[in-house]
Every structure is written in C-alpha cells, then in structure tokens.
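Q: Quick one: this structure, given as structure tokens, is what I'll be asking you about.
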Amino acid sequence: MNPLLEVVNLKKYFVHSRGILFRKKIVVKAVDGVSFSINRGETFGLVGESGSGKTTVGLTILMLYKPTSGKVFFDGMDITEIPRRKMKEFRRRVSVVFQDPYSSLNPRMTVRQHLLRPLKIHKIASGEKADELIIETLRKVGLGVEHVHRYPHQLSGGQQQRVAIARAIILRPDLIILDEPTSSLDVSVRAQILNLLLDLQKDMGLTYLFISHDLLTIRHMSDKIGVMYLGKIVEIAETDELFKNMKHPYTATLLSAAPIPDPRRKSLKKMIIRGEPSSPINIPKGCRFHPRCPYAIEKCSRKEPSLVDIGGGHVVACHRIGEIDVSSEARAVWSILIGSRQVK
Amino acid sequence: MEPLLSVENLRTYFYLSRGVVKAVDGVSFNIMRDEVFSLVGETGCGKSVTALSILRLIGPPGKIVSGKVMFEGRNLLELNEADMRKIRGKEIAMIFQNPMTSLNPILTVGFQIGEPLMAHFGEDKKSAISKAIKLIRRVKIPDPDIRARYYPHQFSGGMRQRALIAMMISCRPKLLIADEPTTALDVTIQAQILDLLMELKKDYKTSMLMITHDFGVVAEMSDRVGVMYLGNIVEMGEVEEVFENPLHPYTKGLIACLPLKPERKKKLEHIPGVLPSPINPPRGCKFHPRCKYAMDICREKPPETIDLGGHIVACHMYSR
Amino acid sequence: MYKSKIGIMDNVLLNARRIIEGLRMMFYYKMALIGFFIVCAVTIIAIAAPLIALRRYDETNVADRLKPPSSEYPFGTDDLGRCIFSRVIYGSRIALMVGLIVMLIEASIGVVLGLIAGYYGGIADKVISAITDIIWALPPLVLALGIVIIIGPGLLNVVAAIAIVSWPPFTRITRAKVQSLVNREFILAARAIGENNFNIIVRYILPNVLSPIIVLATLTIPSAILSTTALSFLGFGAQPPTPDWGAMLAEGRDKMIYAPWITTFPGIFIVITALGFNLLGDGLRDMLDPKLKI
C-alpha cells in the first residue's frame with residue numbers, strides 16, 4: 001500500500017539579512033533534509049526540543065512555507081509543484097491544529113463563522129445545510145449548540161481547542177497535522193482532548209502527524225515516532241521499539257531526561273548531557289549532536305552520519321551504532337515504570 | 001521538630017471590579033528543614049499566589065486577608081517592610097519561570113549576582129564580583145570570568161536560569177522558592193537545571209518550596225507534596241504515598257489521566273467539565289460539580305481537612 | 001431544530017450587545033463622555049443649522065455694521081453687518097464636512113497602503129514605506145500650502161491638499177499592526193483552510209486592526225479642521241462669503257481691538273470642536289485597548 005504522506009529530503013532554510021552598511025546574509029537551516037512517510041490511518045509522532053525544526057516540518061508540509069528543496073507526496077501527488085486547482089483539493093484534505101488555541105482562532109469571529117468559512121470556500125454547504133453540519137461537527141468535538149455564537153475569548157482553553165479541532169475536521173480531511181495540540185492545556189483538560197483525538201481518528205479514519213516535545217503524550221498517541229535534532233531526524237522506529245531499543249544517543253538522553261510522574265523515578269539513574277543545542281544558524285560539522293554526545297569519537301566531528309535501516313523499519317543516523325549500547329538507563333525508566341504500572 | 005516555615009490558614013484575595021477572587025482561601029502547610037515541598041495544581045489554583053504571599057510580594061488589587069506565615073519563630077506577615085526586605089533574598093530567595101523578568105537587562109550578570117552580597121552583607125564591589133564568578137562556576141556556566149561580564153540577553157534561556165539560581169543562592173538562603181523553574185525550558189536543559197537544584201540543595205542544606213504544574217517534576221524532586229484546587233490544598237502527604245494511594249477524587253483523577261499507561265492509544269480517564277470561575281466558585285466542596293463521588297453533603301458544606309497519619313485530605317468521603 | 005436563522009440572529013444580537021457594552025464602557029470614561037457630548041452637540045448644530053440660525057449666513061445689513069453682541073445679534077455683527085452667530089452656526093457644517101472628508105480620504109489611502117505593505121512585505125513594503133517616510137518628513141502645512149498654490153485656492157482644493165499630505169500615520173499604524181498579526185496562528189490556520197489573500201486581509205486582518213485606526217481617525221478630524229482653518233486664515237481656503245471659521249478669524253483679525261467678537265466666537269467654536277474630538281479619540285483609545293479591558 002502506498003503511504004498517504006511521503007516526505008523526501010525536505011529542506012527549509014530561512015534567509016535573513018543583517019547589518020546596515022555591509023549586508024550579511026544569515027541562513028537559518030530550520031529543516032535540513034527530513035524524510036519519512038505516514039501510512040493511512042496511522043499516527044506519526046515527531047518529537048524534538050525547541051529549535052529542532054519539528055513545527056517548521058509541519059508548516060512546510062502544509063505548504064504554508066515554500067520548501068527550499070525536497071518533495072512532499074500526498075496520496076501520490078507531488079504537492080510541491082501542483083496547479084492551483086489541485087492545491088484547493090489538498091487544502092480540503094489536509095488540515096492543522098495549532099498549539100495555542102486562543103491565537104489560532106480569529107478574535108473577531110464567532111465559533112459559527114470559524115466553521116462556516118471552510119464550508120463556503122470549498123462550496124460544501126450553505127444556509128440551513130451548513131448550519132446543520134456545523135452543529136453536528138460541534139457535537140462530535142463535544143461542544144453544545146449554546147457555543148455557536150460565542151467569541152473565542154468567551155471560551156475556556158479546552159473549548160477553544162475543541163473549536164480548532166472542529167474546524168480541522170469539518171471538511172472530512174484525510175490528514176491532520178497536530179502541532180503540540182495539548183501543550184498549552186492543563187493536565188485534566190489534556191486527557192479530554194487526547195481522548196477526543198483518538199475517538200475522531202477511529203470514527204473518521206484520520207491520519208495524524210503528531211508534533212510534540214512531550215514524550216508521555218507522543219508515546220501514548222503515536223504508532224511510529226521520528227526524533228528530530230537541529231533540523232534532522234536522527235532516529236525513526238515503531239513506538240514500542242523506540243522506547244525499548246533506542247539506538248541514538250540523543251534519543252536515549254531525551255527519553256532518560258524526561259520527568260516522569262512516578263516517585264520511583266527518583267531512585268533510577270538519569271542520563272544528563274552537557275551543553276545546549278547549537279543554533280540552527282551555526283550547525284556543527286559532522287554529526288550535529290557530537291558536541292554534546294558522550295559517545296562521540298573523532299569521526300563524528302568529521303562526517304555526517306546518514307540514516308541506516310537496522311531492520312523492522314527502525315532507522316538510525318549514528319556512526320557508533322552497534323558499538324555502543326545507549327539504552328540501558330532510559331530503558332530502565334520506561335519499561336519499569338510504565339510496563340509495571342497499575343493505577344487504581 | 002520545629003518546621004522552618006509554617007503557613008497557617010493563609011488567605012489572599014484579589015479585589016477586581018468583577019468581584020472578589022479568593023486566589024488562596026485557607027492554605028496551611030509546613031516545610032521542614034532540608035525538605036523539598038511541592039505545591040502542584042492547574043492554572044488558577046493559587047499555587048503561585050501562595051508563594052508570592054509568603055514573601056509578601058502581592059500588590060493591589062491583591063491583598064493578604066488573614067493567616068500566619070511563621071518563619072523561624074517570626075510571623076512574616078507582621079514584620080515591617082524594612083525587616084521584610086532583609087528576609088527577601090537573604091533568608092528566603094525565589095526563582096521564577098521567566099528568568100528575564102528577574103534579571104536587569106542593562107547590568108552585567110556578574111554584577112547582578114554580586115549585588116545581594118553587597119546589599120545584605122555590605123561587601124565591596126570587587127569582592128562581591130569575585131564571589132559572583134565563583135558562584136557562576138558553581139552553577140556550571142562555562143568560562144565564568146568572561147560570562148560575568150555578559151548582559152542577560154547574551155545568555156540562552158537555560159544559562160539565564162542558571163545565572164538567576166546563582167544570584168538566589170549567593171546569600172545562602174534557608175528557603176528557596178522555585179516557581180515553575182523549568183517550565184520554559186527544553187527537556188534536556190530541564191534535566192540539567194533540576195539536577196543542579198538538587199545538588200545545591202544538598203550542599204547548602206536549603207529547604208525548597210517547588211511550585212509546578214508538572215507531576216513529573218514533583219515526583220522527581222520533592223519529599224512531600226500538596227495538591228491545590230481553586231485556592232485550597234485538597235490533599236497533602238509524602239510524594240510516594242500521594243502518587244501510589246491518592247485519596248482525594250481530584251488527585252485520583254489527575255494521576256489517572258496522565259498518559260502513562262502500558263497500552264497506548266487507549267482512552268485515558270479524565271476529569272469531566274471545566275474549571276469553574278474563581279469569582280463564583282461552587283458552594284460546598286469546590287470540586288463537587290466535577291466529582292463522580294459527590295454526595296449531598298458535598299454540595300452543602302466545605303470539607304474539613306482530615307489527617308490520616310501524615311496524609312492529609314479534604315474530602316467528605318473520609319470524614320466520620 | 002436549529003434553523004439557519006441563527007445567521008441573522010447572530011449579527012443582530014451581537015451588534016446590539018456590542019453597542020450596549022460600548023455605551024456602558026463610555027460611562028467609565030467621563031472625559032470621553034464629555035467629548036462624545038461635544039461631538040454630538042456640534043453635529044446637531046450642523047444638521048439643524050437653518051433652524052438655529054437667526055439669519056442666512058450671507059445676509060448683509062449695512063445699517064448694523066460692527067454691532068457688539070445684543071439680543072438681536074447674540075454674537076454681534078461684522079463689518080458687512082452679517083450676523084456672527086448665524087455664520088458660526090453654519091460654519092459648523094463646513095468644519096465637520098472638512099474633518100470627515102479629509103479623514104475618509106486619509107484613512108482610505110493610508111489603510112489600503114498599510115495593509116498591502118504589512119501583509120505582502122518585500123518590495124511592496126519597501127516602496128510604500130519609502131513614500132510614507134518621505135511624505136512624513138515634509139512639514140505638512142507647508143506642503144499643503146504648496147499644493148494649494150499650484151492647484152489654486154478653494155475649500156475643496158484645501159481639503160484635497162491636506163488629505164494628500166497627512167495620510168502617513170494611517171499607513172504606519174496599519175502596517176505595524178498587520179505585521180504583528182501576519183504570523184499569528186489564526187492567519188496560518190486561515191491559509192490552511194484555503195482562504196485567498198483578499199479574504200484573509202478583509203475578514204481576518206482588517207477587523208483586528210480596526211481599533212487603532214478608529215482612534216486615529218477620530219483624532220484626525222480635529223487636526224484636519226485646524227489645518228483647514230489655518231489655510232483659510234491665510235486666504236487659500238474658503239472664499240467669501242462662505243462662513244468658514246478660519247476665514248472668519250482672518251476677516252476679523254485687524255478689527256480685534258475694537259470688535260473682538262468677530263474673532264472670539266469662531267475661535268471658541270474651533271477650540272471646543274477640536275477638544276471634543278480629541279477627548280473622544282483619547283477615550284476610544286483607552287476603551288479599545290484590550291489590555292485595559294475591565
């Protein structure tokens with residue numbers, strides 16, 4: 001079966017000019033060669049820290065940013081160079097939910113207007129039919145009719161995010177890009193929204209690209225996960241495989257460093273790496289992670305590793321794969337804490 | 001043993017034109033020497049206001065209405081402003097979520113770290129700055145001699161938080177209040193900062209009050225925890241006890257809804273409904289409209305706190 | 001069942017609620033309220049001028065030249081025996097018209113350019129910003145004077161000249177506000193559902209930049225009135241016998257010593273009208289500022 005979305009060597013550079021007399025061009029390599037694919041009905045998680053380029057990947061796939069190079073195939077068509085007419089179809093079939101629900105809604109539009117616009121643009125329905133569809137969609141995301149005429153500031157954060165999700169599903173899309181959809185919500189509301197997303201996926205056969213920095217959430221939601229560092233994917237694997245058998249030192253650090261809400265965590269060792277991520281303006285030569293990597297050897301600062309398939313769709317970009325075992329500490333944390341967890 | 005800090009029945013209200021927000025509405029807890037106590041809760045539960053009230057940093061329209069904050073035998077709420085200034089920074093220090101708001105953009109980092117030493121111990125500028133450089137090294141900022149001459153905007157987010165920590169420990173405070181110290185930081189940097197805080201806590205024998213919404217940080221850092229909901233502590237106890245055996249329905253809900261299940265993509269338990277308006281909170285137990293165990297009495301009467309052997313809960317289910 | 005009536009109800013109800021809310025807010029700001037009353041009063045005077053005025057504004061009575069205020073002529077007469085009171089009353093029509101027309105021309109030029117510059121950026125932004133900066137760098141009254149000298153005197157020409165030289169603030173303020181919105185997530189979300197640029201500008205950006213523009217527009221009216229007055233005073237604006245307040249000042253200035261009423265009353269009206277609009281504009285600024293919402 002063909003994947004629904006296939007991203008091939010996607011790059012997005014932002015060019016800024018600096019200086020008054022001598023203008024110097026500064027190139028920010030936000031996304032620097034990213035490839036992955038998502039099958040129909042699957043959730044692909046993209047995890048990384050701020051500045052890793054995960055959000056830029058999402059916005060570039062949506063063609064809200066023009067890619068610097070690379071291809072994006074959606075259902076077989078190359079959307080980096082499609083005619084306008086086809087673009088409209090793409091817009092109908094792919095939608096997005098952003099992190100901050102308040103800023104993703106127009107403060108001067110009511111809930112109804114937010115949901116009516118997509119129907120009008122794509123000439124799906126108008127008049128009574130449109131209103132029926134709006135009510136039905138709101139019901140699907142768990143909002144009552146009484147919210148129809150409210151403005152965003154009259155809703156709570158969770159309700160705003162439900163409206164944003166309603167807008168994303170009203171055209172019955174195939175793919176939804178979820179960019180940190182629960183990061184700005186409180187714990188109790190987060191669970192509601194995650195449940196809603198899972199329900200919608202099952203009922204409507206949706207495919208998700210789930211972008212997040214929160215390992216607990218992304219583990220819970222995704223079938224497959226790609227780990228990003230400084231504009232590149234360093235490791236891709238099925239979720240359970242990744243959490244049991246991570247191979248890249250960065251993945252291991254990330255998984256080991258995550259705070260886990262279980263007091264038994266205190267007694268387990270943590271892998272703490274030095275330094276902070278380099279800036280995407282000044283990417284280190286060789287492996288991007290080598291200045292912080294506890295396992296780095298001379299080769300790592302010279303040559304950039306490429307992604308290697310180590311079987312079962314598990315891909316890693318590391319020179320020292322097979323030589324080192326990075327997983328013990330992080331694996332201990334995740335398998336012990338989560339594998340054995342019983343909650344009353 | 002005598003607690004280092006003892007907050008008794010603290011109430012801080014905000015008088016807005018729309019009504020009165022009872023941000024902190026009768027909060028009591030103790031912090032022992034050498035202990036890390038966490039206050040955890042969702043937006044608007046009053047955890048930050050509690051911390052600010054301890055240092056009396058509440059400005060209009062907010063007001064500390066009643067209660068006691070006993071610190072080493074003195075009630076901080078009755079001190080005059082001059083004595084209070086001697087407490088702030090020297091005895092009790094506070095670090096914030098956004099270090100930029102506590103660092104002055106036009107002074108060098110080194111000077112700012114040395115400043116409390118000059119203010120509280122009357123050190124001269126030169127020795128204060130040389131001590132500041134030692135502190136910068138202590139919080140593991142590379143090249144401390146050079147970095148001391150940097151301005152805050154030349155530091156990254158993690159580095160600024162380190163600088164702020166250096167500034168706050170410069171006077172060796174007995175209590176360090178950390179208000180969401182790592183919320184704005186990335187996972188790997190967060191781990192570094194939490195690690196640093198624990199290390200300093202051990203070295204300096206400082207007690208800590210940790211304010212956070214993140215149960216992960218709570219589990220990792222604290223000895224005891226208080227769970228807040230709409231201005232009240234609904235449950236308090238040893239971290240292990242609260243996580244393994246939560247008593248209050250709200251705590252139960254919060255812990256059950258964490259995406260921390262062996263099987264993935266399954267529905268999580270959740271707390272129904274939304275947070276009520278703080279101006280007009282529900283009568284009786286404030287949590288009852290969202291509580292699946294709510295009884296008639298919950299709608300009528302606010303629950304008393306019940307001490308079940310160090311594990312304290314405010315819920316009618318446990319009263320006799 | 002829900003009917004599509006909700007669409008109409010939507011607007012009626014919400015607009016009604018917004019107006020009530022606005023009026024309620026007004027009372028919070030007493031100065032704005034005073035400004036609002038002054039503006040209303042001047043508007044009523046302008047509309048009802050034929051009913052209030054005692055005579056036609058160009059009616060001359062040679063026998064009653066330079067009469068001081070009396071029950072017959074409440075504000076006195078000028079050297080042609082015209083009733084100052086009636087001329088001041090009719091003058092409010094001209095002042096308001098001038099203020100509104102200048103404001104409308106300025107706002108339409110300025111806002112359109114600001115939207116284009118802010119939304120598209122790049123070359124469009126550079127060209128528009130350069131033009132804006134150049135015009136803003138020139139002294140507006142002198143520039144307007146130059147234009148009037150070229151195209152000839154007359155009230156309409158003065159209005160055009162003032163509008164042409166003073167739209168830059170609208171462009172600046174619109175552009176800055178648009179730039180702060182353009183990368184907001186709701187604009188990205190709008191593009192993601194397939195909105196075209198025109199609809200994004202009109203439906204998403206314009207409503208969100210409107211409040212500072214309304215404030216600026218309100219504050220533009222008095223400055224337009226004052227500029228016209230100045231040009232009329234210099235003799236380039238309204239030509240006799242038009243009862244323009246500025247022209248009246250000019251006519252009375254050499255008789256100030258022995259017939260001060262000729263200049264005093266138009267002067268008072270100029271000050272009160274300008275003050276009214278300024279108070280209203282300042283009040284609106286406070287009211288529409290979301291940070292100050294109560």
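By convention here, the chains of the structure tokens are called A, B, ... in the order presented, each chain's residues are numbered starting at 1, and ligands are numbered starting at 1 in the order presented.
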Would you kindly return, as number ranges by chain, each protein, DNA or RNA residue with an atom no farther than 6 Å from any atom of range 257-266 of chain C, considering only C-alpha atoms and excluding same-chain residues fewer than 5 positions away?

A: C: 88, 245, 249, 252

Q: Write to file, as a CSV table (one decimal), in the first residue's frame, the residues of the selection just made, with all heavy atoms.

A:
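What follows is the written file again25.csv:
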chain,number,residue,atom,x,y,z
C,88,VAL,N,-21.4,81.5,12.5
C,88,VAL,CA,-20.7,80.5,13.3
C,88,VAL,C,-21.5,79.1,13.2
C,88,VAL,O,-20.9,78.1,13.1
C,88,VAL,CB,-20.5,80.9,14.7
C,88,VAL,CG1,-20.1,79.8,15.6
C,88,VAL,CG2,-19.5,82.0,14.8
C,245,TRP,N,-14.9,79.0,9.7
C,245,TRP,CA,-14.4,79.6,10.9
C,245,TRP,C,-13.0,80.2,10.7
C,245,TRP,O,-12.7,81.3,11.2
C,245,TRP,CB,-14.3,78.5,12.0
C,245,TRP,CG,-15.7,78.1,12.5
C,245,TRP,CD1,-16.9,78.8,12.3
C,245,TRP,CD2,-16.0,76.9,13.2
C,245,TRP,NE1,-17.9,78.1,12.8
C,245,TRP,CE2,-17.4,76.9,13.4
C,245,TRP,CE3,-15.3,75.9,13.7
C,245,TRP,CZ2,-18.1,75.9,14.1
C,245,TRP,CZ3,-15.9,74.8,14.4
C,245,TRP,CH2,-17.3,74.9,14.6
C,249,LEU,N,-11.9,84.2,11.2
C,249,LEU,CA,-10.8,84.7,12.0
C,249,LEU,C,-10.0,85.7,11.2
C,249,LEU,O,-9.6,86.8,11.7
C,249,LEU,CB,-9.9,83.6,12.5
C,249,LEU,CG,-10.4,82.7,13.6
C,249,LEU,CD1,-9.3,81.7,13.9
C,249,LEU,CD2,-10.7,83.5,14.8
C,252,GLY,N,-11.7,89.0,10.7
C,252,GLY,CA,-11.8,89.9,11.9
C,252,GLY,C,-10.5,90.3,12.6
C,252,GLY,O,-10.5,91.1,13.5

Q: With DSSP run on the backbone, what are the alpha helix (DSSP H) residues within range 205-248 of chain A? I'd like them as a ChimeraX atom specification.

A: /A:215-221,239-245

Q: Take the residues that were just selected and, keeping N, CA and C atoms, output them as a PDB file, in the first residue's frame.

A:
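File out-v5.pdb, as written:
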ATOM      1  N   LEU A 215       7.136  13.689  25.789  1.00  0.00           N
ATOM      2  CA  LEU A 215       7.345  12.278  25.471  1.00  0.00           C
ATOM      3  C   LEU A 215       6.196  11.389  25.909  1.00  0.00           C
ATOM      4  N   LEU A 216       5.593  11.716  27.061  1.00  0.00           N
ATOM      5  CA  LEU A 216       4.484  10.882  27.533  1.00  0.00           C
ATOM      6  C   LEU A 216       3.330  10.936  26.537  1.00  0.00           C
ATOM      7  N   THR A 217       3.000  12.146  26.097  1.00  0.00           N
ATOM      8  CA  THR A 217       1.878  12.302  25.182  1.00  0.00           C
ATOM      9  C   THR A 217       2.175  11.644  23.842  1.00  0.00           C
ATOM     10  N   ILE A 218       3.365  11.885  23.331  1.00  0.00           N
ATOM     11  CA  ILE A 218       3.663  11.387  21.995  1.00  0.00           C
ATOM     12  C   ILE A 218       3.745   9.855  22.007  1.00  0.00           C
ATOM     13  N   ARG A 219       4.213   9.295  23.110  1.00  0.00           N
ATOM     14  CA  ARG A 219       4.245   7.843  23.219  1.00  0.00           C
ATOM     15  C   ARG A 219       2.827   7.290  23.223  1.00  0.00           C
ATOM     16  N   HIS A 220       1.945   7.973  23.956  1.00  0.00           N
ATOM     17  CA  HIS A 220       0.578   7.484  24.066  1.00  0.00           C
ATOM     18  C   HIS A 220      -0.155   7.535  22.720  1.00  0.00           C
ATOM     19  N   MET A 221       0.147   8.547  21.916  1.00  0.00           N
ATOM     20  CA  MET A 221      -0.651   8.785  20.719  1.00  0.00           C
ATOM     21  C   MET A 221      -0.107   8.122  19.454  1.00  0.00           C
ATOM     22  N   THR A 239       6.764   2.897  17.958  1.00  0.00           N
ATOM     23  CA  THR A 239       6.819   3.491  19.291  1.00  0.00           C
ATOM     24  C   THR A 239       7.405   2.541  20.343  1.00  0.00           C
ATOM     25  N   ASP A 240       6.867   1.312  20.430  1.00  0.00           N
ATOM     26  CA  ASP A 240       7.338   0.412  21.490  1.00  0.00           C
ATOM     27  C   ASP A 240       8.800   0.055  21.301  1.00  0.00           C
ATOM     28  N   GLU A 241       9.171  -0.133  20.045  1.00  0.00           N
ATOM     29  CA  GLU A 241      10.567  -0.437  19.721  1.00  0.00           C
ATOM     30  C   GLU A 241      11.470   0.719  20.158  1.00  0.00           C
ATOM     31  N   LEU A 242      11.025   1.938  19.884  1.00  0.00           N
ATOM     32  CA  LEU A 242      11.856   3.099  20.222  1.00  0.00           C
ATOM     33  C   LEU A 242      12.070   3.199  21.727  1.00  0.00           C
ATOM     34  N   PHE A 243      11.008   2.972  22.487  1.00  0.00           N
ATOM     35  CA  PHE A 243      11.130   3.136  23.931  1.00  0.00           C
ATOM     36  C   PHE A 243      11.856   1.960  24.595  1.00  0.00           C
ATOM     37  N   LYS A 244      11.954   0.835  23.869  1.00  0.00           N
ATOM     38  CA  LYS A 244      12.667  -0.300  24.434  1.00  0.00           C
ATOM     39  C   LYS A 244      14.112  -0.345  23.942  1.00  0.00           C
ATOM     40  N   ASN A 245      14.277   0.037  22.683  1.00  0.00           N
ATOM     41  CA  ASN A 245      15.515  -0.263  21.993  1.00  0.00           C
ATOM     42  C   ASN A 245      16.105   0.949  21.296  1.00  0.00           C
TER      43      ASN A 245
END

Q: Considering only C-alpha atoms, return as a PyMOL selection string whatever protein or nucleic-acid residues lie within 12 Å of Ile297 in chain A, sequence-local ones (same chain, fewer than 4 positions apart) excluded.

A: chain A and resi 286-287+289-293+301-303+318-320+323-324

Q: Got time to write the residues from that selection, N, CA and C atoms, as a CSV table (one decimal), in the first residue's frame?

A:
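In the end it all went to part30.csv:
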chain,number,residue,atom,x,y,z
A,286,GLY,N,30.0,17.6,10.7
A,286,GLY,CA,29.8,16.2,11.1
A,286,GLY,C,28.5,15.9,11.6
A,287,CYS,N,28.4,15.1,12.7
A,287,CYS,CA,27.2,14.8,13.3
A,287,CYS,C,26.7,16.0,14.1
A,289,PHE,N,25.0,16.3,16.6
A,289,PHE,CA,24.9,16.1,18.1
A,289,PHE,C,26.3,15.9,18.7
A,290,HIS,N,27.3,15.8,17.9
A,290,HIS,CA,28.6,15.4,18.5
A,290,HIS,C,29.1,16.3,19.6
A,291,PRO,N,28.9,17.6,19.6
A,291,PRO,CA,29.5,18.4,20.7
A,291,PRO,C,28.9,18.1,22.1
A,292,ARG,N,27.7,17.5,22.1
A,292,ARG,CA,27.0,17.1,23.3
A,292,ARG,C,27.1,15.6,23.6
A,293,CYS,N,27.5,14.9,22.6
A,293,CYS,CA,27.4,13.4,22.7
A,293,CYS,C,28.4,12.8,23.6
A,301,SER,N,33.0,14.2,14.4
A,301,SER,CA,33.1,15.6,14.1
A,301,SER,C,33.5,15.9,12.6
A,302,ARG,N,33.7,14.8,11.9
A,302,ARG,CA,34.2,15.0,10.5
A,302,ARG,C,33.1,14.7,9.5
A,303,LYS,N,32.4,13.6,9.8
A,303,LYS,CA,31.5,13.1,8.7
A,303,LYS,C,30.1,13.0,9.3
A,318,CYS,N,23.7,7.3,13.2
A,318,CYS,CA,24.8,7.3,14.2
A,318,CYS,C,25.9,6.5,13.7
A,319,HIS,N,27.2,7.0,13.8
A,319,HIS,CA,28.3,6.3,13.4
A,319,HIS,C,28.6,5.1,14.3
A,320,ARG,N,28.2,5.2,15.5
A,320,ARG,CA,28.7,4.2,16.5
A,320,ARG,C,27.6,3.2,16.8
A,323,GLU,N,28.3,-0.4,18.1
A,323,GLU,CA,29.4,-0.4,19.0
A,323,GLU,C,29.1,-0.1,20.5
A,324,ILE,N,28.0,0.7,20.6
A,324,ILE,CA,27.7,1.2,21.9
A,324,ILE,C,26.2,0.8,22.3

Q: Could you tell me which residues of chain A sit within 7 Å of chain B when counting only C-alpha atoms, and give me the result as an NGL selection string?

A: :A and (49-50 or 186-188 or 191-192 or 195 or 198 or 216-217 or 220-221 or 254 or 257-263 or 265-266 or 272 or 276 or 338-339 or 341 or 343)

Q: Go through A:Ser95, A:Thr55, A:Ser328, A:Ser306 one by one, measure the shortest atom-to-atom distance of each to chain C using only C-alpha atoms, and give the residue with the smallest value.

A: A:Ser95

Q: Counting only C-alpha atoms, which residues of chain A come no farther than 9 Å from chain C, as an MDAnalysis selection string?

A: chainID A and resid 59 62:64 87:88 90:92 94:110 112 117:118 121:122 127:132 135 145 148:149 167:168

Q: Distance CA of Gly237 in chain C-CA of Ile225 in chain C, one decimal place?

A: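 One can read the CA of Gly237 in chain C to CA of Ile225 in chain C distance as 11.6 Å.
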
Q: Just want the 7 Å neighbourhood of Lys63 in chain B, counted on only C-alpha atoms, with same-chain residues fewer than 6 positions away dropped. Output as a PyMOL selection string.

A: chain B and resi 12-14

Q: Can you tell me how far CA of Leu33 in chain C sits from CA of Gly91 in chain C, in Å to one decimal?

A: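 Taking CA of Leu33 in chain C and CA of Gly91 in chain C, their separation equals 24.0 Å.
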
Q: Give me, as JSON, numbers by chain, the residues of chain B touching chain C, with the criterion being at most 12 Å (counting only C-alpha atoms).

A: {"B": [16, 17, 18, 19]}

Q: Which of range 87-277 of chain B counts as strand (DSSP E or B) under DSSP, as an MDAnalysis selection string please?

A: chainID B and resid 88 92:95 175:179 207:212 224:229 232:238

Q: Need to verify the contact set: range 161-166 of chain A, 9 Å, only C-alpha atoms, exclusion of same-chain residues closer than 3 positions in sequence. Can you return it as a VMD selection string?

A: chain A and resid 96 to 102 104 to 105 111 114 to 115 134 137 to 138 140 to 143 152 156 to 158 169 to 170 181 to 182 185 193 196 to 197

Q: Restricting it to C-alpha atoms, dump the selection as a compact mmCIF listing (two decimals), in the first residue's frame.

A:
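In the end it all went to result-v7.txt:
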# COMPACT_ATOMS: atom_id res chain seq x y z
CA VAL A 96 -4.00 21.60 11.00
CA VAL A 97 -4.44 22.18 14.75
CA PHE A 98 -2.01 24.51 16.49
CA GLN A 99 -0.60 24.64 19.99
CA ASP A 100 -2.14 27.81 21.34
CA PRO A 101 -5.87 27.54 20.75
CA TYR A 102 -6.54 31.20 21.53
CA SER A 104 -5.25 30.05 16.37
CA LEU A 105 -8.77 31.50 16.35
CA VAL A 111 -17.49 29.83 16.55
CA HIS A 114 -14.99 29.82 12.06
CA LEU A 115 -16.71 26.65 10.95
CA ILE A 134 -21.77 22.95 11.98
CA THR A 137 -19.42 18.83 13.95
CA LEU A 138 -19.56 20.73 17.21
CA LYS A 140 -18.64 15.49 17.51
CA VAL A 141 -15.99 17.50 19.34
CA GLY A 142 -18.11 17.66 22.45
CA LEU A 143 -19.43 21.21 22.27
CA PRO A 152 -13.02 32.77 21.31
CA SER A 156 -12.03 28.14 28.06
CA GLY A 157 -8.74 26.88 26.66
CA GLY A 158 -10.07 23.37 26.23
CA ILE A 169 -12.42 18.02 10.76
CA ILE A 170 -15.42 19.79 9.22
CA PRO A 181 -2.25 20.33 20.36
CA THR A 182 -2.25 19.79 24.12
CA LEU A 185 -3.65 22.90 28.23
CA ILE A 193 -8.51 16.41 24.15
CA LEU A 196 -11.25 13.23 21.55
CA LEU A 197 -8.42 12.96 19.02

Q: Please, what distance in Å, to one decimal, runs between CA of Asn9 in chain A and CA of Val34 in chain A?

A: 4.8 Å

Q: For Asp64 in chain C, which residue out of C:Cys83, C:Ala48, C:Ala163, C:Ala274 is the nearest one, using only C-alpha atoms?

A: C:Cys83

Q: For range 92-108 of chain C, please output as a list in words all residues within 8 Å (counting only C-alpha atoms; exclusion window: fewer than 5 positions along the same chain).

A: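 Selected residues are Val42, Thr43, Ile45, Ala46, Ile47, Ala49, Val159, Ala160, Ile162, Ala163, Ile164, Ser166, Trp167, Phe170, Ile213, Ala217, Thr220, Ile221, Pro222, Ser223, Ala224, Ile225, Thr228, Pro243, Asp244 and Trp245 of chain C.
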
Q: Please list as a list in words every residue within 12 Å of Ile87 in chain B, counting only C-alpha atoms and excluding residues in the same chain fewer than 4 positions away.

A: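 Surrounding residues, per the criterion: Ile54, Leu55, Arg56, Phe71, Glu72, Arg74, Asn75, Leu76, Leu77, Leu79, Asn80, Glu81, Ala82, Asp83, Glu91, Ile92, Ala93, Met94, Pro116, Ala119, His120, Cys171, Arg172, Pro173, Lys174, Leu175 and Leu176 of chain B.
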
Q: Counting only C-alpha atoms, which residue out of A:Gly312, A:Gly51, A:Pro67, A:Pro305 sits closest to Lys224 in chain A?

A: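 Closest to Lys224 in chain A of all the choices is A:Gly312.
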